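Chemist: First the structure, which I've put down as structure tokens, then a few questions once you've had a look.
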Amino acid sequence: MSKAMRLSVAIAAGLLLGAGLGYVFSLHNPGSAAIAMPVFAVMTVPALAAGVWLVLNRRHFNQQVKKNEQSVERAWADRASGWAFALLVCALVVGSLSNTIFNAPTIDPVIYVAFGLAAHGLAYLLIKRRES
Amino acid sequence: MDNRLPELRAAKGLSQSALAKLLDVSRQTIISIEKGRFDPSLPLAFRMAETFKCTIEDIFIRGN
């Protein structure tokens, strides 16, 4: 399978998995499937597509990078995790305060999970773009 | 951190990919180190020094 084909499969699988998460969300929130599925698909596609990409390329990575923990990609992933955690805490604080102060509707925890995954994927891509 | 990695690598006739394979890291890691955007771990710096048969100080130049 060519690199372009693997990338296409990873993105398509990421979108499908994201839409699946949206479907699971809509099971708990009847009537929201039409919005939840595309929103989840878009928000989670960077992280999920990256995961599928890693699975599709595992043989390549296993052969090429034995000391993965010493590679720059691990440093990027660690920093992206830090950013994602900070953003997730901010989102939780905003969600919690808007609920208690402004009586806004409670946000489903699955939304926070999707937000955390999306934040990690985007942070990784931004760090990689800036530093590679 | 500044370094003499491109110079040492060229002197040994190694491509970035070949050096990455020797050091068991990704090619992007070598690129980032050469550009001074990534400081390698101590074990990786020692492996570099062993590869080029020199000391770590011969490869990396301490900045301010």
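Going through the structure tokens in order, the chains are called A, B, and so on, while each chain numbers its residues from 1 and the ligands are numbered from 1 in the order shown.
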Would you list which chain A residues are within 6 Å of chain B using only C-alpha atoms, as a VMD selection string?

Modeler: chain A and resid 65 to 67 71 to 72

Chemist: Could you name the residues that touch segment 77-89 of chain A at 12 Å or less, counting only C-alpha atoms, but leaving out those on the same chain fewer than 4 positions away, as a PyMOL selection string?

Modeler: chain A and resi 47+50+68-73+93-96+109+111-128

Chemist: With N, CA, C and O atoms retained, write the just-selected residues as a short mmCIF file (atom, residue, chain, number, x, y, z; two decimals), in the first residue's frame.

Modeler:
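Saved the output as again13.cif:
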data_model
loop_
_atom_site.label_atom_id
_atom_site.label_comp_id
_atom_site.auth_asym_id
_atom_site.auth_seq_id
_atom_site.Cartn_x
_atom_site.Cartn_y
_atom_site.Cartn_z
N ALA A 47 -6.55 13.16 15.95
CA ALA A 47 -6.00 12.16 16.87
C ALA A 47 -6.29 10.74 16.37
O ALA A 47 -5.41 9.87 16.38
N ALA A 50 -4.31 9.89 13.25
CA ALA A 50 -2.91 9.66 13.63
C ALA A 50 -2.75 8.26 14.23
O ALA A 50 -1.77 7.56 13.95
N ASN A 68 12.72 4.98 20.32
CA ASN A 68 11.66 5.96 20.10
C ASN A 68 11.61 7.03 21.19
O ASN A 68 11.31 8.19 20.94
N GLU A 69 11.93 6.60 22.43
CA GLU A 69 11.85 7.54 23.55
C GLU A 69 12.88 8.66 23.45
O GLU A 69 12.78 9.65 24.16
N GLN A 70 13.88 8.48 22.58
CA GLN A 70 14.92 9.51 22.42
C GLN A 70 14.72 10.33 21.16
O GLN A 70 15.54 11.18 20.83
N SER A 71 13.64 10.05 20.43
CA SER A 71 13.39 10.76 19.18
C SER A 71 12.62 12.05 19.45
O SER A 71 11.91 12.18 20.46
N VAL A 72 12.73 12.98 18.50
CA VAL A 72 12.09 14.28 18.67
C VAL A 72 10.57 14.16 18.69
O VAL A 72 9.88 14.94 19.35
N GLU A 73 10.05 13.14 17.98
CA GLU A 73 8.59 12.97 17.94
C GLU A 73 8.03 12.71 19.33
O GLU A 73 6.90 13.13 19.65
N VAL A 93 -13.06 23.97 33.54
CA VAL A 93 -13.35 25.12 34.40
C VAL A 93 -14.45 25.99 33.78
O VAL A 93 -15.42 26.36 34.45
N VAL A 94 -14.30 26.28 32.48
CA VAL A 94 -15.29 27.11 31.78
C VAL A 94 -16.65 26.42 31.79
O VAL A 94 -17.68 27.04 32.09
N GLY A 95 -16.66 25.12 31.49
CA GLY A 95 -17.92 24.36 31.48
C GLY A 95 -18.57 24.33 32.84
O GLY A 95 -19.79 24.52 32.97
N SER A 96 -17.75 24.11 33.86
CA SER A 96 -18.27 24.03 35.23
C SER A 96 -18.81 25.39 35.70
O SER A 96 -19.90 25.46 36.26
N PRO A 109 -19.58 14.39 29.47
CA PRO A 109 -18.14 14.10 29.60
C PRO A 109 -17.50 13.62 28.29
O PRO A 109 -16.31 13.85 28.07
N ILE A 111 -17.92 14.80 25.44
CA ILE A 111 -17.49 16.01 24.71
C ILE A 111 -16.09 16.41 25.17
O ILE A 111 -15.24 16.78 24.37
N TYR A 112 -15.87 16.31 26.48
CA TYR A 112 -14.55 16.67 27.02
C TYR A 112 -13.47 15.71 26.52
O TYR A 112 -12.35 16.11 26.24
N VAL A 113 -13.85 14.42 26.45
CA VAL A 113 -12.88 13.43 25.94
C VAL A 113 -12.52 13.77 24.49
O VAL A 113 -11.34 13.79 24.11
N ALA A 114 -13.55 14.05 23.69
CA ALA A 114 -13.31 14.41 22.28
C ALA A 114 -12.47 15.68 22.19
O ALA A 114 -11.55 15.77 21.36
N PHE A 115 -12.77 16.63 23.05
CA PHE A 115 -12.01 17.89 23.05
C PHE A 115 -10.53 17.62 23.39
O PHE A 115 -9.63 18.17 22.75
N GLY A 116 -10.31 16.78 24.40
CA GLY A 116 -8.93 16.45 24.80
C GLY A 116 -8.15 15.78 23.67
O GLY A 116 -7.00 16.11 23.41
N LEU A 117 -8.82 14.83 22.98
CA LEU A 117 -8.16 14.15 21.86
C LEU A 117 -7.85 15.13 20.73
O LEU A 117 -6.74 15.11 20.17
N ALA A 118 -8.84 15.97 20.42
CA ALA A 118 -8.63 16.95 19.35
C ALA A 118 -7.53 17.93 19.72
O ALA A 118 -6.68 18.28 18.88
N ALA A 119 -7.51 18.36 20.98
CA ALA A 119 -6.49 19.31 21.44
C ALA A 119 -5.10 18.69 21.32
O ALA A 119 -4.15 19.34 20.88
N HIS A 120 -4.98 17.41 21.68
CA HIS A 120 -3.68 16.74 21.59
C HIS A 120 -3.23 16.63 20.14
O HIS A 120 -2.07 16.94 19.81
N GLY A 121 -4.14 16.21 19.27
CA GLY A 121 -3.80 16.07 17.85
C GLY A 121 -3.38 17.39 17.24
O GLY A 121 -2.36 17.47 16.54
N LEU A 122 -4.15 18.43 17.51
CA LEU A 122 -3.84 19.74 16.93
C LEU A 122 -2.55 20.32 17.50
O LEU A 122 -1.74 20.89 16.77
N ALA A 123 -2.37 20.16 18.83
CA ALA A 123 -1.14 20.67 19.46
C ALA A 123 0.09 19.98 18.86
O ALA A 123 1.10 20.63 18.56
N TYR A 124 -0.01 18.67 18.65
CA TYR A 124 1.11 17.93 18.06
C TYR A 124 1.43 18.45 16.66
O TYR A 124 2.60 18.70 16.33
N LEU A 125 0.37 18.64 15.86
CA LEU A 125 0.58 19.12 14.50
C LEU A 125 1.20 20.51 14.48
O LEU A 125 2.08 20.81 13.67
N LEU A 126 0.73 21.38 15.39
CA LEU A 126 1.27 22.75 15.45
C LEU A 126 2.73 22.75 15.87
O LEU A 126 3.56 23.45 15.29
N ILE A 127 3.06 21.95 16.90
CA ILE A 127 4.45 21.88 17.37
C ILE A 127 5.35 21.32 16.25
O ILE A 127 6.43 21.85 15.98
N LYS A 128 4.86 20.28 15.59
CA LYS A 128 5.64 19.67 14.51
C LYS A 128 5.88 20.68 13.38
O LYS A 128 6.99 20.80 12.86
#

Chemist: Could you give me, as a list in words, the residues within 7 Å of Glu34 of chain B, counting only C-alpha atoms and dropping anything in the same chain fewer than 5 positions from it?

Modeler: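 My list of contacting residues is Asn3, Leu5 and Pro6 of chain B.
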
Chemist: In Å to one decimal, how far is atom CA of Pro105 of chain A from atom CA of Ala34 of chain A?

Modeler: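 Interatomic distance here is 19.5 Å.
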
Chemist: Might you pull out every residue within 12 Å of Leu56 of chain A, with only C-alpha atoms counted and same-chain residues fewer than 6 positions away left off, and present them as a list in words?

Modeler: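 So the residues in contact are Met1, Ser2, Lys3, Ala4, Met5, Arg6, Leu7, Ser8, Val9, Ala10, Ile11, Ala13, Ala49, Ala50 and Asn62 of chain A.
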
Chemist: What's around Ala49 of chain B at 12 Å? Count only C-alpha atoms, leave out sequence neighbours fewer than 2 positions away in its own chain, and write the answer as an MDAnalysis selection string.

Modeler: chainID B and resid 4:5 8:9 23 40 42:47 51:60

Chemist: Residues of chain B in helix (DSSP H, G or I) according to DSSP, as a PyMOL selection string?

Modeler: chain B and resi 5-11+16-23+27-34+42-52+56-59

Chemist: Write a file of the selected residues as a short mmCIF file (atom, residue, chain, number, x, y, z; two decimals), in the first residue's frame, keeping C-alpha atoms.

Modeler:
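File produced: out-v7.cif:
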data_model
loop_
_atom_site.label_atom_id
_atom_site.label_comp_id
_atom_site.auth_asym_id
_atom_site.auth_seq_id
_atom_site.Cartn_x
_atom_site.Cartn_y
_atom_site.Cartn_z
CA LEU B 5 26.78 17.38 13.50
CA PRO B 6 26.30 18.28 9.78
CA GLU B 7 30.05 18.70 9.38
CA LEU B 8 30.93 15.47 11.18
CA ARG B 9 28.21 13.56 9.34
CA ALA B 10 29.45 14.85 5.97
CA ALA B 11 33.04 13.96 6.86
CA GLN B 16 20.69 11.91 7.68
CA SER B 17 18.76 8.66 7.20
CA ALA B 18 21.88 6.53 7.58
CA LEU B 19 22.92 8.33 10.76
CA ALA B 20 19.39 8.04 12.13
CA LYS B 21 19.48 4.30 11.50
CA LEU B 22 22.88 3.99 13.19
CA LEU B 23 21.61 5.85 16.24
CA ARG B 27 15.45 10.98 10.60
CA GLN B 28 13.42 13.93 11.86
CA THR B 29 15.39 13.72 15.12
CA ILE B 30 18.66 14.19 13.22
CA ILE B 31 17.17 17.07 11.23
CA SER B 32 15.95 18.80 14.40
CA ILE B 33 19.29 18.34 16.18
CA GLU B 34 21.23 19.71 13.21
CA LEU B 42 22.46 12.17 27.24
CA PRO B 43 22.36 8.52 26.04
CA LEU B 44 21.81 9.71 22.46
CA ALA B 45 24.63 12.25 22.75
CA PHE B 46 26.95 9.48 23.97
CA ARG B 47 25.96 7.24 21.04
CA MET B 48 26.70 10.13 18.67
CA ALA B 49 30.10 10.60 20.25
CA GLU B 50 30.81 6.87 19.89
CA THR B 51 29.68 6.94 16.25
CA PHE B 52 32.02 9.82 15.39
CA ILE B 56 30.29 15.07 23.27
CA GLU B 57 32.01 18.46 23.57
CA ASP B 58 33.46 17.95 20.07
CA ILE B 59 29.92 17.69 18.68
#

Chemist: When you look at Ser26 of chain A with a cut-off of 12 Å (counting only C-alpha atoms), what residues show up, excluding the ones that are within fewer than 3 positions of it in the same chain? I need them as JSON, numbers by chain.

Modeler: {"A": [19, 20, 21, 22, 23, 29, 30, 31, 32, 33, 34, 35, 36, 37, 38, 39, 40, 108, 110, 111]}

Chemist: Selection from above, C-alpha atoms, as a short mmCIF file (atom, residue, chain, number, x, y, z; two decimals), in the first residue's frame, can you write it?

Modeler:
data_model
loop_
_atom_site.label_atom_id
_atom_site.label_comp_id
_atom_site.auth_asym_id
_atom_site.auth_seq_id
_atom_site.Cartn_x
_atom_site.Cartn_y
_atom_site.Cartn_z
CA ALA A 19 -18.63 9.58 13.51
CA GLY A 20 -18.98 6.34 15.51
CA LEU A 21 -18.15 8.23 18.70
CA GLY A 22 -20.81 10.78 17.69
CA TYR A 23 -23.29 7.94 17.22
CA ASN A 29 -28.85 12.17 23.67
CA PRO A 30 -31.71 11.16 21.33
CA GLY A 31 -32.21 13.39 18.32
CA SER A 32 -28.66 14.75 18.26
CA ALA A 33 -27.17 12.24 15.80
CA ALA A 34 -27.35 14.60 12.80
CA ILE A 35 -25.15 17.14 14.60
CA ALA A 36 -23.11 14.92 16.93
CA MET A 37 -21.77 12.58 14.25
CA PRO A 38 -20.20 15.21 11.96
CA VAL A 39 -19.01 17.32 14.92
CA PHE A 40 -17.33 14.34 16.59
CA ASP A 108 -21.52 15.54 28.47
CA VAL A 110 -17.74 12.48 26.15
CA ILE A 111 -17.49 16.01 24.71
#
